[in-house]
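Chemist: Next up, protein-v9.cif (mmCIF, C-alpha atoms and all ligand atoms).
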```cif
data_coords
loop_
_atom_site.label_atom_id
_atom_site.label_comp_id
_atom_site.auth_asym_id
_atom_site.auth_seq_id
_atom_site.Cartn_x
_atom_site.Cartn_y
_atom_site.Cartn_z
CA MET A 972 0.00 0.00 0.00
CA THR A 973 1.36 3.47 -0.84
CA ARG A 974 1.50 6.09 1.86
CA PRO A 975 -1.31 8.66 1.81
CA LEU A 976 -0.44 12.10 0.51
CA LEU A 977 -0.80 15.08 2.82
CA GLY A 978 -2.61 18.06 1.30
CA ILE A 979 -1.09 21.39 2.24
CA ALA A 980 -2.88 24.77 2.35
CA HIS A 981 -2.23 28.16 3.88
CA ARG A 982 -3.82 27.05 7.16
CA THR A 983 -1.19 24.29 7.37
CA ARG A 984 1.41 26.69 8.64
CA LYS A 985 5.09 26.51 7.72
CA SER A 986 8.09 27.03 9.92
CA PRO A 987 10.73 29.71 9.20
CA PHE A 988 13.11 26.73 8.89
CA PHE A 989 10.92 24.91 6.34
CA ASP A 990 13.05 25.62 3.26
CA ALA A 991 16.25 24.82 5.16
CA THR A 992 14.88 21.46 6.35
CA ARG A 993 13.79 20.56 2.80
CA ARG A 994 17.25 21.47 1.52
CA TRP A 995 18.84 19.35 4.25
CA GLY A 996 16.80 16.34 3.17
CA ALA A 997 13.61 16.20 5.25
CA GLN A 998 11.61 13.34 3.73
CA ALA A 999 8.50 13.09 5.87
CA PHE A 1000 6.43 15.65 7.76
CA THR A 1001 3.62 15.55 10.27
CA VAL A 1002 1.08 18.20 11.29
CA TYR A 1003 1.34 19.55 14.84
CA ASN A 1004 -0.33 22.69 16.17
CA HIS A 1005 -1.75 23.24 12.64
CA MET A 1006 1.80 23.40 11.31
CA LEU A 1007 4.24 21.18 9.38
CA MET A 1008 7.04 19.46 11.27
CA PRO A 1009 9.84 17.41 9.67
CA LEU A 1010 9.91 13.84 10.99
CA THR A 1011 12.61 11.95 9.09
CA TYR A 1012 15.83 12.67 7.19
CA GLU A 1013 17.89 9.49 6.49
CA SER A 1014 15.54 7.00 8.17
CA PRO A 1015 13.95 6.87 11.64
CA GLU A 1016 16.73 4.53 12.82
CA ALA A 1017 19.67 6.34 11.26
CA ASP A 1018 18.36 9.67 12.64
CA TYR A 1019 17.97 8.02 16.07
CA TRP A 1020 21.59 6.79 16.12
CA HIS A 1021 22.84 10.30 15.30
CA LEU A 1022 20.76 11.57 18.25
CA VAL A 1023 21.97 9.04 20.83
CA LYS A 1024 25.62 9.00 19.67
CA GLY A 1025 26.23 12.48 18.26
CA VAL A 1026 24.29 15.69 17.86
CA THR A 1027 21.19 16.60 15.84
CA LEU A 1028 19.33 19.82 14.98
CA TRP A 1029 15.53 19.71 15.00
CA ASP A 1030 12.97 22.14 13.55
CA VAL A 1031 10.47 22.21 16.40
CA ALA A 1032 8.87 25.55 15.48
CA VAL A 1033 5.58 23.66 15.97
CA GLU A 1034 6.21 24.03 19.70
CA ARG A 1035 4.30 27.31 19.55
CA GLN A 1036 4.54 29.86 22.32
CA VAL A 1037 1.38 31.12 23.97
CA GLU A 1038 2.44 34.42 25.50
CA VAL A 1039 0.59 35.52 28.62
CA GLY A 1040 1.29 39.13 29.60
CA GLY A 1041 -0.18 41.85 31.76
CA PRO A 1042 -1.08 42.51 35.39
CA ASP A 1043 -3.02 39.22 35.81
CA ALA A 1044 -0.64 37.07 33.74
CA PHE A 1045 0.77 35.12 36.69
CA GLU A 1046 -2.72 34.51 38.06
CA LEU A 1047 -3.93 33.10 34.74
CA VAL A 1048 -0.92 30.77 34.43
CA ARG A 1049 -1.45 29.54 37.99
CA LEU A 1050 -5.13 28.94 37.32
CA MET A 1051 -4.20 26.67 34.43
CA THR A 1052 -1.87 24.23 36.23
CA PRO A 1053 -1.88 22.05 39.35
CA ARG A 1054 1.90 22.59 39.71
CA ASP A 1055 2.78 24.93 42.58
CA LEU A 1056 4.33 28.02 40.97
CA SER A 1057 4.90 29.99 44.19
CA GLY A 1058 8.70 29.72 43.77
CA CYS A 1059 8.58 30.58 40.07
CA ARG A 1060 11.20 33.09 38.93
CA PRO A 1061 12.36 34.52 35.58
CA GLY A 1062 14.94 32.36 33.82
CA ALA A 1063 13.87 29.05 35.35
CA GLY A 1064 11.64 26.99 33.07
CA LYS A 1065 9.26 24.35 34.35
CA TYR A 1066 7.35 21.42 32.89
CA ILE A 1067 3.71 22.04 33.84
CA PRO A 1068 0.64 19.91 33.15
CA LEU A 1069 -2.44 21.98 32.22
CA VAL A 1070 -5.81 20.55 33.26
CA ASP A 1071 -9.47 21.43 32.76
CA GLU A 1072 -12.20 21.61 35.41
CA HIS A 1073 -12.53 17.80 35.38
CA GLY A 1074 -8.80 17.29 35.87
CA GLY A 1075 -8.39 16.25 32.21
CA MET A 1076 -5.11 17.05 30.50
CA VAL A 1077 -5.35 20.14 28.26
CA ASN A 1078 -1.63 20.16 27.35
CA ASP A 1079 1.80 19.57 28.92
CA PRO A 1080 3.89 22.66 28.05
CA VAL A 1081 7.19 23.97 29.24
CA LEU A 1082 6.62 27.25 31.11
CA LEU A 1083 9.19 29.99 30.50
CA PRO A 1084 8.78 32.87 32.97
CA LEU A 1085 10.32 35.82 31.07
CA ALA A 1086 9.39 38.41 33.69
CA ALA A 1087 7.07 38.67 36.69
CA ASP A 1088 4.26 39.64 34.31
CA ARG A 1089 5.23 37.85 31.10
CA PHE A 1090 5.24 34.11 30.40
CA TRP A 1091 5.54 31.71 27.51
CA LEU A 1092 3.78 28.40 27.47
CA SER A 1093 5.76 26.28 24.99
CA ILE A 1094 2.94 24.00 24.01
CA ALA A 1095 2.31 20.47 22.78
CA ASP A 1096 -0.38 19.76 20.19
CA SER A 1097 -3.62 21.38 21.41
CA ASP A 1098 -5.22 24.83 21.18
CA VAL A 1099 -4.03 26.36 24.45
CA LEU A 1100 -4.43 29.93 23.19
CA LEU A 1101 -8.20 29.45 22.84
CA TRP A 1102 -8.53 27.78 26.27
CA ALA A 1103 -6.54 30.64 27.83
CA LYS A 1104 -8.61 33.28 26.04
CA GLY A 1105 -11.83 31.66 27.23
CA LEU A 1106 -10.60 31.55 30.82
CA ALA A 1107 -9.38 35.14 30.74
CA ALA A 1108 -12.66 36.41 29.28
CA GLY A 1109 -14.77 34.33 31.66
CA ARG A 1110 -12.86 35.46 34.73
CA GLY A 1111 -12.44 39.10 33.64
CA LEU A 1112 -8.64 38.94 33.91
CA SER A 1113 -6.44 41.75 32.70
CA VAL A 1114 -4.10 39.88 30.36
CA THR A 1115 -2.89 39.99 26.78
CA LEU A 1116 -2.75 36.64 25.03
CA ARG A 1117 -1.07 35.99 21.70
CA GLU A 1118 1.13 33.66 19.73
CA PRO A 1119 4.32 35.68 19.15
CA ASP A 1120 6.77 35.20 16.26
CA VAL A 1121 8.89 32.65 18.15
CA SER A 1122 10.21 29.43 16.64
CA PRO A 1123 12.27 26.89 18.59
CA LEU A 1124 15.10 24.77 17.23
CA ALA A 1125 16.33 21.90 19.39
CA LEU A 1126 19.98 20.85 19.47
CA GLN A 1127 19.96 17.38 21.02
CA GLY A 1128 22.49 14.66 21.69
CA PRO A 1129 25.56 13.94 23.82
CA ARG A 1130 27.67 16.33 21.68
CA ALA A 1131 25.20 19.24 21.89
CA GLU A 1132 27.11 21.18 24.55
CA PRO A 1133 30.33 21.88 22.62
CA VAL A 1134 28.26 22.96 19.61
CA ALA A 1135 26.15 25.34 21.73
CA ALA A 1136 29.33 26.72 23.32
CA ALA A 1137 31.00 27.26 19.93
CA LEU A 1138 27.89 29.10 18.78
CA CYS A 1139 26.93 31.19 21.82
CA GLY A 1140 29.95 31.18 24.12
CA GLU A 1141 31.19 29.24 27.11
CA TRP A 1142 28.43 30.56 29.38
CA VAL A 1143 25.96 28.00 27.98
CA ARG A 1144 27.88 25.22 29.76
CA ALA A 1145 26.76 26.64 33.11
CA LEU A 1146 23.08 26.79 32.15
CA LYS A 1147 21.09 24.48 34.43
CA TYR A 1148 18.49 21.98 33.26
CA PHE A 1149 15.35 23.85 32.10
CA HIS A 1150 16.94 27.26 32.75
CA PHE A 1151 17.11 29.82 29.95
CA ARG A 1152 18.58 33.18 29.00
CA GLU A 1153 17.74 35.87 26.45
CA THR A 1154 20.63 36.60 24.10
CA ASP A 1155 21.46 37.36 20.48
CA LEU A 1156 23.82 36.02 17.84
CA ASP A 1157 25.13 39.06 15.95
CA GLY A 1158 21.66 40.55 15.99
CA ILE A 1159 19.62 37.31 15.72
CA PRO A 1160 17.36 37.53 18.80
CA LEU A 1161 17.18 34.28 20.79
CA VAL A 1162 16.21 32.62 24.01
CA VAL A 1163 18.61 29.77 24.80
CA ALA A 1164 17.45 27.02 27.17
CA ARG A 1165 18.85 23.70 28.35
CA SER A 1166 15.88 21.53 27.48
CA GLY A 1167 14.38 19.42 24.71
CA TRP A 1168 12.20 16.42 24.08
CA SER A 1169 14.90 13.78 24.46
CA LYS A 1170 16.98 12.48 27.35
CA GLN A 1171 20.26 12.76 25.42
CA GLY A 1172 21.03 16.25 26.73
CA GLY A 1173 20.87 19.46 24.76
CA PHE A 1174 19.55 22.95 24.22
CA GLU A 1175 16.70 24.78 22.62
CA PHE A 1176 17.13 28.01 20.65
CA TYR A 1177 13.92 30.00 20.51
CA LEU A 1178 14.25 32.26 17.46
CA ARG A 1179 12.42 35.53 18.18
CA ASP A 1180 12.18 36.81 14.61
CA GLY A 1181 11.22 34.40 11.83
CA ARG A 1182 13.09 36.43 9.20
CA PHE A 1183 16.33 34.93 10.51
CA GLY A 1184 15.22 31.30 10.11
CA GLU A 1185 17.58 30.43 7.27
CA GLU A 1186 20.52 32.22 8.83
CA LEU A 1187 20.10 30.64 12.27
CA TRP A 1188 19.72 27.11 10.87
CA GLU A 1189 22.85 27.46 8.74
CA ARG A 1190 24.88 29.04 11.54
CA ILE A 1191 24.11 26.16 13.90
CA MET A 1192 24.90 23.61 11.20
CA ALA A 1193 28.21 25.36 10.51
CA ALA A 1194 29.08 25.50 14.24
CA GLY A 1195 28.25 21.79 14.54
CA ARG A 1196 30.39 20.58 11.62
CA PRO A 1197 33.41 19.60 13.74
CA TRP A 1198 31.06 17.36 15.76
CA ASP A 1199 29.42 15.85 12.68
CA ILE A 1200 26.03 17.44 13.37
CA ARG A 1201 23.06 16.04 11.43
CA PRO A 1202 19.54 17.29 10.79
CA GLY A 1203 17.05 15.40 12.94
CA ALA A 1204 13.63 15.50 14.53
CA PRO A 1205 11.87 14.39 17.70
CA SER A 1206 12.53 10.64 17.75
CA THR A 1207 9.69 8.27 18.58
CA ILE A 1208 12.27 5.59 19.37
CA GLU A 1209 14.33 7.66 21.79
CA ARG A 1210 11.40 9.31 23.53
CA ILE A 1211 9.69 5.99 24.25
CA GLU A 1212 12.97 4.47 25.49
CA SER A 1213 13.29 7.53 27.75
CA GLY A 1214 9.66 7.47 28.90
CA LEU A 1215 8.73 10.92 27.57
CA LEU A 1216 5.00 11.40 26.98
CA SER A 1217 3.37 12.62 23.79
CA TYR A 1218 0.20 14.69 24.15
CA GLY A 1219 -2.50 13.43 21.78
CA ASN A 1220 -0.98 9.93 21.81
CA ASP A 1221 -0.40 8.97 25.45
CA MET A 1222 -2.82 11.47 26.97
CA ASN A 1223 -5.60 13.89 26.09
CA LEU A 1224 -8.59 15.60 27.72
CA ASP A 1225 -9.91 12.20 28.85
CA THR A 1226 -6.80 11.37 30.87
CA ASN A 1227 -5.74 12.96 34.13
CA PRO A 1228 -2.17 13.60 35.31
CA PHE A 1229 -2.32 10.83 37.94
CA GLU A 1230 -3.09 8.21 35.29
CA VAL A 1231 -0.08 9.11 33.16
CA GLY A 1232 2.58 9.48 35.86
CA LEU A 1233 2.41 13.26 36.16
CA GLY A 1234 1.06 13.19 39.72
CA LYS A 1235 4.43 14.52 40.94
CA TYR A 1236 3.55 17.85 39.32
CA CYS A 1237 0.15 18.07 41.06
CA HIS A 1238 0.31 20.07 44.27
CA LEU A 1239 -3.28 19.82 45.41
CA ASP A 1240 -2.70 21.22 48.89
CA GLN A 1241 -1.09 24.50 47.84
CA PRO A 1242 -3.12 27.57 48.93
CA PHE A 1243 -3.77 28.67 45.32
CA ASP A 1244 -7.09 27.42 43.94
CA PHE A 1245 -6.29 26.37 40.37
CA ILE A 1246 -8.88 25.04 37.90
CA GLY A 1247 -9.51 21.32 38.41
CA ARG A 1248 -8.36 21.19 42.01
CA ALA A 1249 -11.60 19.71 43.38
CA ALA A 1250 -11.68 17.13 40.58
CA LEU A 1251 -8.04 16.12 41.11
CA ARG A 1252 -8.60 15.85 44.87
CA ARG A 1253 -11.52 13.52 44.22
CA ILE A 1254 -9.38 11.43 41.85
CA ARG A 1255 -6.55 11.30 44.39
CA ALA A 1256 -8.95 10.18 47.13
CA GLU A 1257 -10.68 7.56 44.99
CA GLY A 1258 -7.56 6.36 43.19
CA VAL A 1259 -7.13 6.17 39.43
CA ARG A 1260 -9.07 3.77 37.23
CA ARG A 1261 -6.25 3.40 34.69
CA GLN A 1262 -2.50 3.68 34.68
CA LEU A 1263 0.10 4.35 31.98
CA ILE A 1264 2.85 1.72 32.05
CA GLY A 1265 5.85 0.69 29.99
CA VAL A 1266 5.30 -2.49 27.96
CA VAL A 1267 7.31 -4.95 25.87
CA LEU A 1268 5.42 -6.58 23.00
CA SER A 1269 6.94 -9.95 22.20
CA GLY A 1270 7.76 -11.39 18.79
CA GLU A 1271 9.00 -9.97 15.53
CA ARG A 1272 9.51 -6.30 14.91
CA LEU A 1273 6.12 -4.54 14.69
CA PRO A 1274 5.05 -1.82 12.25
CA GLY A 1275 4.62 1.77 13.48
CA LEU A 1276 1.52 2.53 15.53
CA GLU A 1277 -0.95 4.75 13.67
CA SER A 1278 -3.84 4.41 16.15
CA HIS A 1279 -4.04 2.85 19.59
CA TRP A 1280 -3.81 -0.95 19.68
CA PRO A 1281 -6.45 -2.55 21.93
CA LEU A 1282 -5.27 -4.53 24.94
CA LEU A 1283 -7.04 -7.66 26.11
CA ALA A 1284 -6.90 -9.55 29.39
CA ASP A 1285 -8.48 -13.00 28.97
CA GLY A 1286 -10.40 -11.61 26.00
CA ILE A 1287 -11.76 -8.66 28.01
CA ALA A 1288 -10.99 -5.04 27.03
CA ALA A 1289 -8.15 -3.92 29.31
CA GLY A 1290 -7.01 -0.64 27.75
CA ALA A 1291 -4.74 0.26 24.84
CA VAL A 1292 -1.17 0.55 23.68
CA THR A 1293 -0.84 4.32 23.16
CA SER A 1294 2.67 4.40 21.63
CA ALA A 1295 4.95 1.63 20.34
CA VAL A 1296 8.20 1.30 18.44
CA TYR A 1297 11.03 -1.14 17.84
CA SER A 1298 14.01 -0.21 20.04
CA PRO A 1299 17.35 -0.86 18.30
CA ARG A 1300 19.25 -0.69 21.60
CA LEU A 1301 16.95 -3.12 23.44
CA ARG A 1302 16.17 -5.15 20.31
CA LYS A 1303 12.55 -5.36 21.41
CA ASN A 1304 9.19 -3.81 20.60
CA ILE A 1305 8.57 -1.35 23.41
CA GLY A 1306 5.65 0.93 24.14
CA LEU A 1307 3.42 2.77 26.55
CA ALA A 1308 -0.01 1.45 27.47
CA LEU A 1309 -2.95 2.83 29.39
CA VAL A 1310 -4.32 -0.12 31.36
CA GLU A 1311 -7.26 -0.74 33.70
CA ARG A 1312 -5.79 -0.70 37.20
CA ARG A 1313 -7.74 -3.63 38.58
CA LEU A 1314 -6.38 -5.83 35.79
CA LEU A 1315 -2.85 -4.62 36.50
CA GLU A 1316 -3.26 -5.40 40.18
CA ALA A 1317 -4.63 -8.85 39.36
CA GLU A 1318 -1.54 -9.29 37.15
CA SER A 1319 -3.78 -10.63 34.40
CA PRO A 1320 -1.81 -11.68 31.28
CA LEU A 1321 -2.20 -8.99 28.62
CA THR A 1322 -2.36 -9.28 24.85
CA ALA A 1323 -2.15 -6.44 22.31
CA VAL A 1324 -4.20 -6.55 19.12
CA THR A 1325 -1.69 -5.22 16.55
CA PRO A 1326 -1.85 -5.00 12.74
CA ALA A 1327 0.55 -7.98 12.76
CA GLY A 1328 -1.73 -10.08 14.96
CA GLU A 1329 -2.11 -10.59 18.70
CA ARG A 1330 1.06 -10.23 20.75
CA PRO A 1331 1.72 -11.11 24.39
CA VAL A 1332 2.56 -8.01 26.43
CA SER A 1333 4.75 -7.79 29.52
CA ARG A 1334 5.19 -4.87 31.86
CA HIS A 1335 8.47 -2.91 31.94
CA ALA A 1336 9.67 -0.18 34.32
CA LEU A 1337 9.97 3.39 32.93
CA PRO A 1338 12.22 4.70 31.57
CA PHE A 1339 13.32 1.74 29.45
CA LEU A 1340 16.84 3.22 29.26
CA PRO A 1341 18.49 5.75 31.60
CA PRO A 1342 19.06 9.37 30.51
CA GLN A 1343 22.41 10.60 29.24
CA THR A 1344 23.77 12.31 32.35
CA ASP A 1345 27.05 13.97 31.40
CA GLN A 1346 25.73 16.97 29.45
CA THR A 1347 23.30 18.59 31.81
CA GLY A 1348 25.08 21.54 33.48
CA GLY A 1349 24.00 21.13 37.06
CA GLY A 1350 22.31 17.80 36.67
CA GLN A 1351 19.45 16.40 34.67
CA THR A 1352 17.55 15.57 37.84
CA SER A 1353 18.59 18.39 40.17
CA GLY A 1354 16.75 21.04 38.14
CA ARG A 1355 13.32 19.65 38.91
CA ALA A 1356 12.44 21.88 41.86
N1 LIG A 1401 10.38 21.82 24.50
C1 LIG A 1401 9.66 22.94 24.29
N2 LIG A 1401 8.36 22.91 24.06
C2 LIG A 1401 7.70 21.73 24.01
C3 LIG A 1401 8.39 20.52 24.22
C4 LIG A 1401 9.78 20.58 24.48
N3 LIG A 1401 6.39 21.70 23.75
C5 LIG A 1401 5.76 20.45 23.41
C6 LIG A 1401 6.26 19.31 24.25
N4 LIG A 1401 7.73 19.30 24.20
C7 LIG A 1401 5.80 19.47 25.66
N5 LIG A 1401 5.98 18.25 26.42
C8 LIG A 1401 7.11 17.96 27.15
C9 LIG A 1401 7.17 16.70 27.74
C10 LIG A 1401 8.27 16.36 28.51
C11 LIG A 1401 9.29 17.26 28.69
C12 LIG A 1401 9.24 18.48 28.08
C13 LIG A 1401 8.14 18.85 27.33
C14 LIG A 1401 10.45 16.92 29.53
N6 LIG A 1401 10.24 16.18 30.61
C15 LIG A 1401 11.31 15.74 31.47
C16 LIG A 1401 10.92 14.37 32.02
O1 LIG A 1401 9.77 13.99 31.93
O2 LIG A 1401 11.81 13.71 32.51
C17 LIG A 1401 11.61 16.69 32.58
C18 LIG A 1401 10.48 17.16 33.37
C19 LIG A 1401 10.89 17.86 34.67
O3 LIG A 1401 11.17 19.07 34.68
O4 LIG A 1401 10.89 17.18 35.68
O5 LIG A 1401 11.57 17.34 29.27
O6 LIG A 1401 10.49 19.56 24.65
N7 LIG A 1401 10.28 24.11 24.32
#
```
Turn this file's structure into structure tokens for me.
Modeler:
Amino acid sequence: MTRPLLGIAHRTRKSPFFDATRRWGAQAFTVYNHMLMPLTYESPEADYWHLVKGVTLWDVAVERQVEVGGPDAFELVRLMTPRDLSGCRPGAGKYIPLVDEHGGMVNDPVLLPLAADRFWLSIADSDVLLWAKGLAAGRGLSVTLREPDVSPLALQGPRAEPVAAALCGEWVRALKYFHFRETDLDGIPLVVARSGWSKQGGFEFYLRDGRFGEELWERIMAAGRPWDIRPGAPSTIERIESGLLSYGNDMNLDTNPFEVGLGKYCHLDQPFDFIGRAALRRIRAEGVRRQLIGVVLSGERLPGLESHWPLLADGIAAGAVTSAVYSPRLRKNIGLALVERRLLEAESPLTAVTPAGERPVSRHALPFLPPQTDQTGGGQTSGRA
């Protein structure tokens, strides 16, 4: 069967790096936040090996920024997340689940506090700007909400740090995990952060003026040449091995943070009354119905997952595999699955219904593989607070 063709129109937005990524060999794209994102250059596996062994540059302009500004900006951001932001200060980014009034996941952005009254939510694939506008209008908050001209590039891999230092200066080596700084490269306005959707270490360069897209891409590629930099993209293989979640795949409005392992970011007893607090307290008291776990699917290498694969326990519906991929380092089919808790507790044998037939499923601890730890300026885990 041939692959379906993707129709492109004006509403399918393009990144300021689009032409550069085509020139550098992007072969496949997906749509994310109503925008095109390159997925593959050489092949998913070749791109993955460059990421885990070297350094790769990703066009992740689809990680759009929702800018919240004005006198009530901090209040609106706090209303949107169960994470306690009382210690929030400019320059220190945070991973924050956003939930609705039922405790359902609206998005899982990175929060960048630019100033006491100005924030970026660097969003996953859902319409956060509209949710924020509705909340602000409904609550009569004095905020300005917009999607500014900001386009992130991610530099990821164990050799990312020397490339970032060659480009921006030695100061980037001291940047702590999730921390960021505003800077410029000979007039190209940037925010540089130590972050990214992999556990191989790296940085994100938020371009603050799309007119410099070509120039920034080529400058990073030139700086990375001595380290054999390659074009790349968020890797399904690496992110599943590392246990990173994908909004829209592993969670959506019908899942709550406790089900998907994000309970550690839910501070339900903080004084601030965020949206969804009562619902999340009820869920905490009653316990979750389902739980996201790591799974190994036995047998031959499986095809890519295009929609959830049903899970069965003794022929009874038990949940679904939400993401799956063949791991070249583990030489196994690995995945994430949202499973009924009572079946997990009963340790019922699970089977996945895949396009290649039924496959026995066993549970595996997350992450499947440990993070790269030597490139994280202050520690990959110490920056969590
Ligand atoms: N960077 C930026 N924007 C983004 C992403 C990103 N927007 C979309 C998407 N990714 C948002 N989702 C995530 C999910 C996980 C992480 C970051 C963004 C992540 N999590 C670490 C973990 O789970 O171990 C660390 C979380 C923590 O602080 O404890 O990095 O990648 N700009």
Chemist: Using all atoms listed in the file, which protein or nucleic acid residues come within 8 Å of Asp1098 (chain A)? Drop anything in the same chain fewer than 3 positions from it, and give the result as JSON, numbers by chain.
Modeler: {"A": [1004, 1101, 1102]}
Chemist: Determine the nearest neighbour of ligand LIG 1401 (chain A) from the options A:Arg1201, A:Arg1334, A:Lys1065, A:Arg1179, counting all atoms listed in the file.
Modeler: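 For ligand LIG 1401 (chain A), the nearest of the given residues is A:Lys1065.
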Chemist: My list of candidates is A:Asp1018, A:Glu1186, A:Glu1132, A:Asp1079. Which is closest to ligand LIG 1401 (chain A) when distances are computed with all atoms listed in the file?
Modeler: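 Distance minimum relative to ligand LIG 1401 (chain A) lands on A:Asp1079.
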Chemist: Calculated over only C-alpha atoms and all ligand atoms, which of the candidates A:Pro1160, A:Gly1140, A:Gly1306, A:Gly1172 has the smallest distance to ligand LIG 1401 (chain A)?
Modeler: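 Once distances to ligand LIG 1401 (chain A) are computed over only C-alpha atoms and all ligand atoms, the minimum belongs to A:Gly1172.
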Chemist: Excluding Ala1063 (chain A) and its own-chain neighbours fewer than 3 positions away, which residues fall within 9 Å of it when counting only C-alpha atoms? Please give them as a ChimeraX atom specification.
Modeler: /A:1059-1060,1082-1085,1147-1152,1354
